[in-house]
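Okay, coords_19.cif is below, mmCIF, C-alpha atoms:
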```cif
data_coords
loop_
_atom_site.label_atom_id
_atom_site.label_comp_id
_atom_site.auth_asym_id
_atom_site.auth_seq_id
_atom_site.Cartn_x
_atom_site.Cartn_y
_atom_site.Cartn_z
CA MET A 596 -137.32 9.42 -31.98
CA ALA A 597 -140.01 7.76 -29.88
CA PHE A 598 -143.62 8.75 -30.57
CA GLU A 599 -145.11 10.84 -27.78
CA GLN A 600 -148.80 10.18 -27.24
CA THR A 601 -150.93 13.31 -27.11
CA TYR A 602 -154.47 13.44 -25.78
CA LEU A 603 -157.75 15.16 -26.32
CA THR A 604 -158.26 18.17 -24.01
CA LEU A 605 -161.17 19.93 -22.38
CA ALA A 606 -160.41 22.90 -24.63
CA ASP A 607 -160.96 20.65 -27.68
CA ILE A 608 -164.37 19.66 -26.33
CA GLU A 609 -165.34 23.22 -25.49
CA ALA A 610 -164.37 24.26 -29.03
CA ALA A 611 -166.54 21.46 -30.38
CA ARG A 612 -169.50 22.65 -28.33
CA ALA A 613 -169.18 26.14 -29.80
CA ARG A 614 -168.90 24.74 -33.35
CA ILE A 615 -171.86 22.34 -33.20
CA GLY A 616 -174.18 24.43 -31.05
CA PRO A 617 -176.38 25.66 -33.92
CA TYR A 618 -176.80 22.16 -35.35
CA VAL A 619 -177.37 19.71 -32.50
CA ARG A 620 -179.84 19.40 -29.67
CA ARG A 621 -179.11 19.82 -25.97
CA THR A 622 -180.69 16.58 -24.87
CA PRO A 623 -182.53 16.19 -21.57
CA VAL A 624 -181.35 14.33 -18.49
CA LEU A 625 -184.16 12.09 -17.23
CA THR A 626 -184.62 10.38 -13.88
CA SER A 627 -186.89 7.62 -12.63
CA GLU A 628 -187.83 6.76 -9.05
CA VAL A 629 -188.53 3.20 -10.18
CA LEU A 630 -185.03 2.74 -11.62
CA ASP A 631 -183.44 4.55 -8.68
CA ASP A 632 -185.16 2.25 -6.20
CA ALA A 633 -184.11 -0.84 -8.13
CA ALA A 634 -180.46 0.32 -8.19
CA GLY A 635 -180.34 1.85 -4.72
CA ALA A 636 -178.75 4.86 -6.39
CA ARG A 637 -179.64 8.18 -7.98
CA LEU A 638 -179.45 7.68 -11.74
CA TYR A 639 -179.26 10.48 -14.31
CA PHE A 640 -179.89 9.35 -17.88
CA LYS A 641 -178.41 11.57 -20.60
CA CYS A 642 -180.88 10.97 -23.41
CA GLU A 643 -178.86 11.05 -26.61
CA ASN A 644 -181.58 8.83 -28.07
CA LEU A 645 -183.45 12.14 -28.38
CA GLN A 646 -180.56 13.76 -30.26
CA GLN A 647 -180.75 14.80 -33.91
CA ILE A 648 -180.77 11.57 -36.02
CA GLY A 649 -181.58 9.69 -32.80
CA ALA A 650 -178.02 9.21 -31.54
CA PHE A 651 -175.01 10.92 -29.95
CA LYS A 652 -173.15 10.44 -33.23
CA ALA A 653 -174.64 13.73 -34.46
CA ARG A 654 -172.21 15.54 -32.17
CA GLY A 655 -168.93 14.11 -33.41
CA ALA A 656 -169.86 13.96 -37.08
CA THR A 657 -171.09 17.56 -37.10
CA ASN A 658 -167.93 18.77 -35.39
CA ALA A 659 -165.70 16.93 -37.86
CA VAL A 660 -167.59 17.96 -40.99
CA PHE A 661 -167.85 21.63 -40.05
CA ALA A 662 -164.18 21.77 -39.05
CA LEU A 663 -163.10 20.87 -42.60
CA SER A 664 -161.66 23.55 -44.82
CA GLU A 665 -163.46 24.38 -48.05
CA ALA A 666 -160.83 22.42 -49.98
CA GLU A 667 -161.20 19.37 -47.73
CA ALA A 668 -164.99 19.41 -48.02
CA ALA A 669 -165.15 20.15 -51.75
CA HIS A 670 -165.50 16.52 -52.86
CA GLY A 671 -167.74 15.48 -50.01
CA VAL A 672 -167.21 13.21 -47.03
CA ALA A 673 -167.14 9.44 -46.60
CA THR A 674 -167.33 6.95 -43.77
CA HIS A 675 -168.20 3.40 -42.84
CA SER A 676 -170.94 2.77 -40.32
CA SER A 677 -173.53 0.29 -39.09
CA GLY A 678 -175.99 3.17 -39.18
CA ASN A 679 -175.92 5.94 -36.61
CA HIS A 680 -172.60 7.51 -37.58
CA GLY A 681 -173.59 7.20 -41.23
CA SER A 682 -176.79 9.11 -40.55
CA ALA A 683 -174.87 11.73 -38.60
CA VAL A 684 -172.34 12.24 -41.40
CA ALA A 685 -175.11 12.39 -44.01
CA ARG A 686 -176.97 15.01 -41.99
CA ALA A 687 -173.86 17.12 -41.35
CA ALA A 688 -172.91 16.92 -45.04
CA LYS A 689 -176.41 17.98 -46.05
CA LEU A 690 -176.22 20.97 -43.70
CA ARG A 691 -172.88 21.93 -45.20
CA GLY A 692 -174.05 21.31 -48.75
CA VAL A 693 -171.61 18.55 -49.74
CA PRO A 694 -172.11 14.89 -50.76
CA ALA A 695 -171.91 12.04 -48.24
CA TYR A 696 -170.79 8.50 -49.12
CA ILE A 697 -171.61 5.81 -46.56
CA VAL A 698 -170.29 2.23 -46.55
CA MET A 699 -172.63 -0.03 -44.56
CA PRO A 700 -172.36 -3.73 -43.70
CA GLU A 701 -174.92 -6.05 -45.25
CA GLY A 702 -177.63 -6.87 -42.72
CA ALA A 703 -177.51 -3.47 -41.05
CA ALA A 704 -180.78 -2.35 -39.46
CA ARG A 705 -183.07 -1.23 -42.27
CA PRO A 706 -184.43 1.84 -40.43
CA LYS A 707 -180.88 3.17 -40.17
CA ALA A 708 -180.29 2.72 -43.91
CA ILE A 709 -183.59 4.44 -44.68
CA GLN A 710 -182.59 7.39 -42.53
CA ILE A 711 -179.22 7.73 -44.29
CA GLU A 712 -180.93 7.71 -47.68
CA ARG A 713 -183.52 10.26 -46.51
CA LEU A 714 -180.67 12.56 -45.48
CA GLY A 715 -179.10 12.27 -48.92
CA GLY A 716 -176.34 9.80 -48.09
CA GLN A 717 -175.20 7.49 -50.91
CA ILE A 718 -174.87 3.95 -49.53
CA THR A 719 -172.46 1.24 -50.64
CA TYR A 720 -172.92 -2.14 -48.96
CA CYS A 721 -170.08 -4.44 -47.92
CA ALA A 722 -169.53 -7.70 -46.07
CA PRO A 723 -170.17 -7.42 -42.31
CA THR A 724 -166.50 -7.33 -41.27
CA GLN A 725 -164.21 -4.53 -40.15
CA ALA A 726 -161.79 -5.29 -43.00
CA ALA A 727 -164.56 -5.08 -45.60
CA ARG A 728 -165.77 -1.78 -44.19
CA GLU A 729 -162.30 -0.26 -44.33
CA THR A 730 -161.64 -1.58 -47.83
CA GLY A 731 -165.02 -0.34 -49.01
CA VAL A 732 -164.56 3.20 -47.74
CA ALA A 733 -161.02 3.34 -49.18
CA GLU A 734 -162.44 2.44 -52.59
CA VAL A 735 -165.14 5.10 -52.30
CA ILE A 736 -162.57 7.75 -51.37
CA ALA A 737 -160.32 6.74 -54.28
CA ARG A 738 -163.29 7.08 -56.65
CA THR A 739 -164.78 10.33 -55.31
CA GLY A 740 -161.98 12.22 -53.61
CA ALA A 741 -164.13 12.51 -50.49
CA THR A 742 -162.59 13.19 -47.07
CA LEU A 743 -162.80 10.38 -44.51
CA ILE A 744 -164.82 11.07 -41.34
CA HIS A 745 -163.86 8.00 -39.33
CA PRO A 746 -166.56 6.80 -36.90
CA TYR A 747 -164.26 7.05 -33.88
CA ASP A 748 -160.55 7.24 -34.78
CA ASN A 749 -160.75 11.00 -35.31
CA ARG A 750 -160.00 13.64 -32.67
CA LEU A 751 -162.71 15.99 -33.94
CA VAL A 752 -165.27 13.20 -33.69
CA MET A 753 -164.07 12.31 -30.20
CA ALA A 754 -164.26 15.95 -29.09
CA GLY A 755 -167.79 16.27 -30.41
CA GLN A 756 -168.90 13.18 -28.51
CA GLY A 757 -167.41 14.61 -25.33
CA THR A 758 -169.86 17.52 -25.42
CA ALA A 759 -172.57 15.17 -24.15
CA ALA A 760 -170.62 14.85 -20.89
CA LEU A 761 -170.30 18.63 -20.52
CA GLU A 762 -174.08 18.94 -20.62
CA LEU A 763 -174.62 15.95 -18.33
CA MET A 764 -172.35 17.34 -15.63
CA GLU A 765 -173.97 20.78 -15.85
CA ASP A 766 -177.45 19.28 -15.44
CA ALA A 767 -176.44 16.65 -12.85
CA PRO A 768 -173.51 18.07 -10.83
CA ASP A 769 -171.42 16.17 -8.28
CA LEU A 770 -171.68 12.79 -9.98
CA ASP A 771 -169.82 9.92 -8.34
CA MET A 772 -169.53 7.93 -11.55
CA VAL A 773 -170.37 8.09 -15.25
CA LEU A 774 -171.12 5.07 -17.44
CA ALA A 775 -170.91 5.00 -21.23
CA PRO A 776 -170.97 2.22 -23.84
CA ILE A 777 -167.81 1.25 -25.71
CA GLY A 778 -167.73 0.27 -29.37
CA GLY A 779 -164.82 1.80 -31.24
CA GLY A 780 -164.12 4.01 -28.23
CA GLY A 781 -164.77 7.50 -29.62
CA LEU A 782 -167.58 8.28 -27.19
CA VAL A 783 -165.81 7.04 -24.08
CA SER A 784 -162.61 8.86 -25.12
CA GLY A 785 -164.43 12.18 -25.31
CA VAL A 786 -166.62 11.58 -22.28
CA SER A 787 -163.75 10.42 -20.06
CA THR A 788 -161.71 13.48 -21.03
CA ALA A 789 -164.52 15.79 -19.96
CA VAL A 790 -165.34 13.86 -16.79
CA LYS A 791 -161.76 13.69 -15.55
CA ALA A 792 -161.17 17.38 -16.32
CA LEU A 793 -164.28 18.61 -14.55
CA ARG A 794 -164.84 15.95 -11.89
CA PRO A 795 -161.53 14.12 -11.26
CA ALA A 796 -162.91 12.12 -8.32
CA ALA A 797 -165.71 10.59 -10.39
CA ARG A 798 -165.20 7.03 -11.61
CA MET A 799 -165.42 6.63 -15.36
CA ILE A 800 -166.76 3.23 -16.39
CA GLY A 801 -167.02 1.83 -19.88
CA VAL A 802 -169.46 -0.95 -20.69
CA GLU A 803 -169.56 -3.33 -23.64
CA PRO A 804 -171.33 -6.56 -24.61
CA ALA A 805 -169.61 -9.77 -23.52
CA GLY A 806 -169.91 -10.83 -27.15
CA ALA A 807 -167.79 -7.88 -28.33
CA ASP A 808 -165.38 -7.47 -25.43
CA ASP A 809 -162.15 -6.29 -27.02
CA ALA A 810 -162.01 -3.21 -24.76
CA ALA A 811 -162.28 -5.27 -21.57
CA ARG A 812 -159.67 -7.76 -22.74
CA SER A 813 -157.34 -5.02 -23.97
CA PHE A 814 -157.77 -3.05 -20.75
CA ALA A 815 -156.94 -6.11 -18.63
CA ALA A 816 -153.92 -7.05 -20.76
CA GLY A 817 -152.55 -3.54 -21.12
CA ARG A 818 -152.26 -3.94 -24.88
CA LEU A 819 -154.62 -3.64 -27.81
CA ILE A 820 -156.39 -6.93 -28.63
CA PRO A 821 -158.62 -6.57 -31.73
CA LEU A 822 -161.97 -8.27 -32.02
CA THR A 823 -161.91 -11.57 -33.87
CA GLU A 824 -165.46 -12.76 -33.22
CA VAL A 825 -168.54 -10.64 -32.59
CA ASN A 826 -171.81 -11.95 -31.19
CA THR A 827 -174.16 -9.23 -29.98
CA LEU A 828 -177.43 -7.64 -30.96
CA ALA A 829 -175.89 -4.28 -30.00
CA ASP A 830 -174.96 -3.43 -33.59
CA GLY A 831 -173.44 -0.07 -32.73
CA LEU A 832 -170.81 -1.72 -30.50
CA ARG A 833 -169.30 -4.23 -32.91
CA ALA A 834 -166.22 -2.17 -33.83
CA SER A 835 -162.68 -2.72 -32.53
CA LEU A 836 -160.82 -0.02 -30.63
CA SER A 837 -158.16 2.00 -32.41
CA ALA A 838 -154.72 2.61 -30.92
CA ASP A 839 -155.73 6.21 -30.13
CA THR A 840 -159.05 5.40 -28.46
CA PHE A 841 -157.35 2.65 -26.45
CA ALA A 842 -154.75 5.15 -25.26
CA HIS A 843 -157.54 7.48 -24.12
CA ILE A 844 -159.32 4.61 -22.37
CA ARG A 845 -156.16 3.68 -20.48
CA ARG A 846 -155.75 7.31 -19.46
CA GLY A 847 -159.31 8.20 -18.45
CA VAL A 848 -161.34 5.04 -17.77
CA ASP A 849 -161.25 3.41 -14.34
CA GLU A 850 -163.11 0.20 -15.11
CA ILE A 851 -164.65 -1.72 -17.98
CA ALA A 852 -167.64 -3.97 -17.39
CA THR A 853 -169.19 -6.48 -19.76
CA VAL A 854 -172.84 -7.51 -19.94
CA SER A 855 -174.71 -10.47 -21.39
CA GLU A 856 -177.20 -10.33 -24.23
CA ALA A 857 -180.00 -11.20 -21.81
CA ALA A 858 -178.98 -8.31 -19.55
CA ILE A 859 -178.99 -5.91 -22.52
CA VAL A 860 -182.51 -6.92 -23.52
CA ASP A 861 -183.75 -6.72 -19.93
CA ALA A 862 -182.24 -3.25 -19.48
CA MET A 863 -183.58 -2.04 -22.81
CA ARG A 864 -187.11 -3.07 -21.88
CA ALA A 865 -186.84 -1.58 -18.39
CA LEU A 866 -185.75 1.77 -19.85
CA TRP A 867 -188.65 1.78 -22.30
CA GLU A 868 -191.09 1.04 -19.50
CA ALA A 869 -189.73 3.40 -16.82
CA LEU A 870 -188.45 6.37 -18.82
CA LYS A 871 -191.06 6.13 -21.59
CA VAL A 872 -188.41 6.58 -24.28
CA VAL A 873 -187.10 4.34 -27.06
CA VAL A 874 -183.52 3.12 -26.68
CA GLU A 875 -181.66 0.70 -28.93
CA PRO A 876 -179.65 -2.27 -27.60
CA SER A 877 -176.32 -0.43 -27.84
CA ALA A 878 -177.76 2.35 -25.68
CA ALA A 879 -178.94 -0.06 -22.98
CA VAL A 880 -175.58 -1.63 -22.12
CA ALA A 881 -174.50 1.01 -19.59
CA TYR A 882 -177.67 0.69 -17.56
CA ALA A 883 -177.49 -3.10 -17.99
CA ALA A 884 -174.23 -3.09 -16.04
CA ILE A 885 -176.01 -1.46 -13.09
CA ARG A 886 -179.18 -3.52 -13.33
CA ASP A 887 -177.26 -6.80 -13.62
CA GLY A 888 -174.89 -6.00 -10.76
CA ARG A 889 -171.79 -5.73 -12.93
CA VAL A 890 -171.11 -2.26 -11.52
CA GLU A 891 -171.68 -1.32 -7.89
CA ALA A 892 -173.72 1.87 -7.91
CA ARG A 893 -175.57 1.63 -4.60
CA GLY A 894 -175.68 4.91 -2.70
CA ARG A 895 -174.07 6.90 -5.51
CA ARG A 896 -175.01 9.60 -7.99
CA VAL A 897 -174.54 8.03 -11.41
CA GLY A 898 -174.63 9.50 -14.90
CA VAL A 899 -175.66 7.04 -17.62
CA ILE A 900 -175.36 7.95 -21.29
CA LEU A 901 -178.17 6.51 -23.42
CA THR A 902 -176.50 6.66 -26.79
CA GLY A 903 -179.27 6.12 -29.33
CA GLY A 904 -182.85 5.18 -30.11
CA ASN A 905 -182.85 3.87 -33.67
CA VAL A 906 -184.70 0.58 -33.39
CA ASP A 907 -186.25 -1.72 -35.97
CA LEU A 908 -189.74 -1.92 -34.46
CA ASP A 909 -190.46 -5.05 -36.47
CA ARG A 910 -187.60 -6.87 -34.72
CA LEU A 911 -187.88 -6.05 -31.03
CA PRO A 912 -185.67 -8.49 -29.09
CA TRP A 913 -188.37 -9.44 -26.58
CA VAL A 914 -190.94 -10.31 -29.23
CA LYS A 915 -190.83 -13.95 -30.34
CA ALA A 916 -190.76 -14.47 -34.10
#
```

For the file at hand, write its structure as C-alpha cells.
Amino acid sequence: MAFEQTYLTLADIEAARARIGPYVRRTPVLTSEVLDDAAGARLYFKCENLQQIGAFKARGATNAVFALSEAEAAHGVATHSSGNHGSAVARAAKLRGVPAYIVMPEGAARPKAIQIERLGGQITYCAPTQAARETGVAEVIARTGATLIHPYDNRLVMAGQGTAALELMEDAPDLDMVLAPIGGGGLVSGVSTAVKALRPAARMIGVEPAGADDAARSFAAGRLIPLTEVNTLADGLRASLSADTFAHIRRGVDEIATVSEAAIVDAMRALWEALKVVVEPSAAVAYAAIRDGRVEARGRRVGVILTGGNVDLDRLPWVKA
C-alpha cells in the first residue's frame, strides 16, 4: 500500500497555542519607518528574538515536551542542537521537572552552551556534522532512556513554531506575504500551515543562506537534496530538511530565496540600528532577502519573522578581529 502523506493542520497549531500559553511569551511586532522607506513596503517584524530563551524554538520544544505522557517523560528528553533548540528543550524539561540531554556540535556559540547549562541541560559535544549529531543523540538515548525531541522533524515541534504566525497575523492583519528562515524546515512548515489556512492569498517565502541552500535546490528539483557542504555564519540554519518538512514546504511555500553572507551581515546590522533589538545571523536572513532585492516586496504588507537573538557579543561579524 502506498504511503499517504498527511499534513499539519491549523487545529494542531491552535492546540499548541493552548498548551504552551502559560510558558511562552507573546512577542511584539515591531515596525520601522526607516526600514519601510528603504524597502518601499510596510514591514512587520515578529520579534521572536524577544521570546523566552531568546528564540522561537521555545514554542515548539515546549509544545513537544508538555505533550509527552508521564511514561514518555519519565527518563527525560534528549535532542541535538547548535544551541537555540537545546536551550528550549532544557527550559521546557526544567519546567516539567525532567532531565534534558543536549548533543551540541563542537564550535557552537559559547553563549548558547552557557544558556543550556544554566537551564540544567547536560551537554555532550560531537563533531560538527549532521551524522555526528544524530549518532550522538542516539547514544545518549540508548544510555538514558530519554525521549527524543527532534529539532524540526516532529509534528508537535512544527505546530508549536506555527503559533508565531497566528500571533503575527492577529497583530498585522491582511499581510500580502510572510518571510521566514529555513534551516531544518520546522519553523516554515508550521508558519506556512498557519498562513495558508488564515490568509490563502498571502505569499509564503522561505529564505536560507546561499551557503546552506538545500531547501532552494530541493524545491527547484522537486526532490529532497541533502546538504553536503555548509558555509554560513548563520549557525541555526545549517541543518538539512527532513522528508516531512520538505513535503510541507512543497505544499505551503510559494518561493525560496537565498542570500549571501554579506547580505546577512548587512541586514543584521540594519535591524540592530533601526529596531534597537539584538538579532542573530540566522534571524536576519529573511529581512536580508528584502534588503538585497532577492524578494520583491515593494508596495506590499510583509510579515518578517526574526527568529532569535542569541549572539556572541565578542564575535560580532562586522567587527574586525

Nearest candidate to Thr902 (chain A) (options A:Arg654, A:Lys791, A:Arg738, A:Lys707; using only C-alpha atoms):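 Of the candidates, the smallest distance to Thr902 (chain A) is held by A:Arg654.
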
Which value, in Å to one decimal, gives the distance between CA of Arg750 (chain A) and CA of Arg818 (chain A)?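 CA of Arg818 (chain A) lies 20.7 Å from CA of Arg750 (chain A).
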
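Ranking A:Gly681, A:Gly780, A:Gly649, A:Pro795 by their shortest atom-to-atom distance to Ile744 (chain A), with all atoms listed in the file included, puts A:Gly681 first.
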
Considering all atoms listed in the file, state which residue in the set A:Asp769, A:Glu868, A:Asp849, A:Asp861 is at the smallest distance from Ile885 (chain A).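 Using all atoms listed in the file, the shortest distance to Ile885 (chain A) belongs to A:Asp861.
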
Can you give me, as an MDAnalysis selection string, the residues this file yields under the PyMOL selection byres ((chain A and resi 786) around 9)? chainID A and resid 753:754 756:761 773 775 781:785 787:791 799 847

Given the choices A:Val684, A:Val698, A:Thr742, A:Arg896, which gets closest to Glu665 (chain A) if the distance is worked out from only C-alpha atoms?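 Closest to Glu665 (chain A), using only C-alpha atoms: A:Thr742.
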
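Polymer residues near (-178.9, -0.2, -28.3): counting all atoms listed in the file with a cut-off of 8 Å, they are Ala829, Asp830, Gly831, Met863, Val874, Glu875, Pro876, Ser877, Ala878, Ala879, Val880, Thr902, Gly903, Gly904, Asn905 and Val906 of chain A.
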
Would you work out the distance separating CA of Ile697 (chain A) from CA of Leu832 (chain A), expressed in Å to one decimal? 17.8 Å

Excluding region 711-721 of chain A and residues on its chain fewer than 3 positions from it, collect all residues at most 9 Å away from it, counting all atoms listed in the file, and give them as a PyMOL selection string. chain A and resi 678-679+681-686+688-689+694-701+706-708+724+727-728+730-732+735

Can you tell me how far CA of Ala668 (chain A) sits from CA of His680 (chain A), in Å to one decimal?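 So the two atoms, CA of Ala668 (chain A) and CA of His680 (chain A), lie 17.6 Å apart.
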
Smallest atom-to-atom distance to Gly779 (chain A): which of A:Ala834, A:Ile859, A:Ala883, A:Ile800, using all atoms listed in the file?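 Looking at the shortest contact to Gly779 (chain A), the residue is A:Ala834.
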
Selection under test: the PyMOL selection byres ((chain A and resi 762) around 9); residues as a PyMOL selection string: chain A and resi 621-624+641+758-761+763-767

Name all residues at most 9 Å from Val872 (chain A) (count all atoms listed in the file; drop same-chain ones fewer than 6 positions away) and give them as a PyMOL selection string. chain A and resi 642+644-645+866+904

Translate the PyMOL selection byres ((chain A and resi 892) around 12), as applied to the file shown, into an explicit residue set as a ChimeraX atom specification. /A:630-638,770-774,798,800,881-891,893-899

Enumerate, as JSON, numbers by chain, the protein, DNA and RNA residues whose atoms approach (-168.5, -3.0, -23.1) to within 8 Å, taking into account only C-alpha atoms and the coordinate frame of the file. {"A": [776, 777, 778, 801, 802, 803, 804, 805, 807, 808, 810, 811, 832, 851, 852, 853, 854, 880]}

Take region 649-664 of chain A, bring it up to N, CA and C atoms, and give me the output as a compact mmCIF listing (two decimals), in the coordinates of the input.
```txt
# COMPACT_ATOMS: atom_id res chain seq x y z
N GLY A 649 -181.32 10.73 -33.78
CA GLY A 649 -181.58 9.69 -32.80
C GLY A 649 -180.37 9.09 -32.15
N ALA A 650 -179.23 9.77 -32.15
CA ALA A 650 -178.02 9.21 -31.54
C ALA A 650 -176.97 10.29 -31.28
N PHE A 651 -176.11 10.02 -30.31
CA PHE A 651 -175.01 10.92 -29.95
C PHE A 651 -174.07 11.19 -31.11
N LYS A 652 -174.08 10.32 -32.10
CA LYS A 652 -173.15 10.44 -33.23
C LYS A 652 -173.30 11.78 -33.96
N ALA A 653 -174.45 12.42 -33.83
CA ALA A 653 -174.64 13.73 -34.46
C ALA A 653 -173.59 14.73 -33.98
N ARG A 654 -173.17 14.59 -32.74
CA ARG A 654 -172.21 15.54 -32.17
C ARG A 654 -170.85 15.45 -32.86
N GLY A 655 -170.27 14.27 -32.85
CA GLY A 655 -168.93 14.11 -33.41
C GLY A 655 -168.87 14.34 -34.91
N ALA A 656 -169.86 13.80 -35.63
CA ALA A 656 -169.86 13.96 -37.08
C ALA A 656 -170.01 15.43 -37.47
N THR A 657 -170.89 16.15 -36.79
CA THR A 657 -171.09 17.56 -37.10
C THR A 657 -169.83 18.36 -36.82
N ASN A 658 -169.17 18.06 -35.70
CA ASN A 658 -167.93 18.77 -35.39
C ASN A 658 -166.88 18.52 -36.47
N ALA A 659 -166.72 17.27 -36.87
CA ALA A 659 -165.70 16.93 -37.86
C ALA A 659 -166.00 17.53 -39.23
N VAL A 660 -167.24 17.45 -39.66
CA VAL A 660 -167.59 17.96 -40.99
C VAL A 660 -167.46 19.48 -41.05
N PHE A 661 -167.90 20.17 -40.01
CA PHE A 661 -167.85 21.63 -40.05
C PHE A 661 -166.47 22.18 -39.73
N ALA A 662 -165.55 21.33 -39.26
CA ALA A 662 -164.18 21.77 -39.05
C ALA A 662 -163.33 21.68 -40.32
N LEU A 663 -163.84 21.01 -41.36
CA LEU A 663 -163.10 20.87 -42.60
C LEU A 663 -162.96 22.21 -43.31
N SER A 664 -161.83 22.38 -43.97
CA SER A 664 -161.66 23.55 -44.82
C SER A 664 -162.52 23.39 -46.07
```
